[in-house]
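For reference, the structure is listed below as structure tokens.
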Amino acid sequence: MKKIFFILCLLLLTGCGQKEYSAQYFDIFDTYTTVQLYCSSQKEFDHISDGLHDELIRLHRLFDIYNNYDTANIKAVNDNAGIKPVKVDKELYDIVKEGISAYYETDGYINIAMGSVLDIWHEHREKALDDPENADIPSMEELKRAAEHTDINNILLNDDEMTIYIKDKEASIDLGAIAKGYAADKAREYLIQRGISAGLINLGGNVIGLADSKKPSWKIGVQKPEEGSTEFVYKLDIKNQSAVSSGNYQRFYVYHNNIYHHIIDKDTLMPASNNKSVTIVSNSSLEGDIYSTYLFILPYDKGVKIAEEKGFKAVWVDNNDKTRTQG
Amino acid sequence: MYKNVFFKNRDIIIILMIIAAAVILYFGTRPFIKEGNSAQILLDGRVIKTLDLKKDTTFSPEGMDVVFEVSNGRARFVSSDCPDKICVNTGFINKKGQSAVCLPNKLVLKITGSDVDTVL
């Protein structure tokens, strides 16, 4: 008996062959996704990673506001604004519901019904990136007109029918502030169901980790908030947690030497300008996504109180590149 | 003859085989070290350019007939005017510490990484 035990101990020394495999996806949520998983073989990894990729593509299509697919997605809901309710898949229904509660949780700063305003900024950004010489910014009149169609109560949900209806035909839903967080949480569920206990997914700024004895924690470098910078302002250790950054360096264009990025403050209808980046460590990536954007918009003094209240670890980089942490 | 009361000879052989397997697996998997996150281009030992492996791009050092490429998280010499083409034949590299070298042009393409698992 002792001998068998001794030999089993030796077998443990060989590690039973689990090691880290990785893959990259380039076609989801308009960003670059990396997946690192501890698996027993390349074959096992490929199988799980391909399945995960398919699942993320499915979610990407549901939350896509620009393209139509076979299944009714958020674009179909927007196209039918003021016309008729649209029956949708469970995940789309769920995320819209989450989006509405985020509105009330964040004093209206995270507003999925703000599509009309975000569309204008999106158009100007795309135009500027295509043709930087002729970059411009939207007029305040145009933005204010659009802002009249951002009432969260325009979105009507029907639990029994699982339908979504936007009653104002000028209004539209944009899930940009929450889609990746929701998808990251779903991706974690997917991996757990398939027996993965150590892994890391980085959905272009939304990181979700799974840690066990093989990989007790994951080290996350928080990038200096400049496009393409390889410097870190901070390093985080996460276990079974999420880390999300919102920053002015992710989606932006330059006009008259100013950065115009994608996170719009509802009070000014302009890109929020209190911080360069905010990173949140939390259990749920959806929550991390919501609060990293919310705290990015708020000044540090207000944000730090909220982070404390919610028990998040948070990292701020202000406009002078000063880094502050909480938790 | 001396007799081991705890192990028989056969057991010792099995134990040795397991230890050997552990050693082979340990060293055999060392090439699978982490992928780097940027590629440095060095001319005569000095870094002249750092490319982000996350962004597909091409680069040609000024005044030289050499082209580098980053594609799908890997980097390589696409072409070079050197006679031997050893640099081009090295192909794509993506692991931390790997490099491709063009001696005639004194150019090195090197994958560098950091001690973090991912970047936000």
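To be explicit about the labels: the chains of the structure tokens are called A, B, and onward in the order shown, and within each one the residues are counted from 1, while ligands get numbers from 1 in the order they are shown.
Residues with any atom within 12 Å of region 253-258 of chain A, counting only C-alpha atoms and excluding same-chain neighbours fewer than 5 positions away, are Trp121, His122, Glu123, His124, Arg125, Glu126, Lys127, Ala128, Leu129, Asp130, Asp131, Pro132, Glu133, Asn134, Ala135, Asp136, Ile137, Pro138, Glu227, Asn248, Pro271 and Ser273 of chain A.
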Self-check item: All strand (DSSP E) residues (DSSP, backbone) inside region 138-302 of chain A, as an NGL selection string
Solution: :A and (155-158 or 163-166 or 199-203 or 206-210 or 218-223 or 232-238 or 242-247 or 252-255 or 258-261 or 277-282)
Practice problem: Compile the residues of chain A that lie within 6 Å of chain B, evaluated using only C-alpha atoms, and express the compilation as a count of residues only. | Solution: 7
Exercise. Enter the distance from CA of Lys90 (chain A) to CA of Lys186 (chain A), in Å, rounded to one decimal.
Key: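 Distance reported for this atom pair: 12.5 Å.
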Quiz item: Which residues, written as a count of residues only, have at least one atom at most 9 Å from Gly91 (chain B), with only C-alpha atoms counted and residues fewer than 5 positions away on the same chain left out?
Solution: 5
Self-check item: Residue neighbourhood Ile48 (chain B), 10 Å, only C-alpha atoms, exclusion window fewer than 5 positions, as a PyMOL selection string
Solution: chain B and resi 40-43+61+107
Those residues with C-alpha atoms, as a JSON list (two decimals), in the first residue's frame please?
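Contents of result-v1.json, freshly written:
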```json
[["chain", "number", "residue", "atom", "x", "y", "z"],
["B", 40, "GLN", "CA", 12.04, 44.47, -31.23],
["B", 41, "ILE", "CA", 14.10, 45.24, -34.28],
["B", 42, "LEU", "CA", 17.76, 45.86, -33.51],
["B", 43, "LEU", "CA", 20.27, 47.37, -35.92],
["B", 61, "PRO", "CA", 14.03, 50.29, -41.82],
["B", 107, "LEU", "CA", 19.64, 43.19, -38.09]]
```
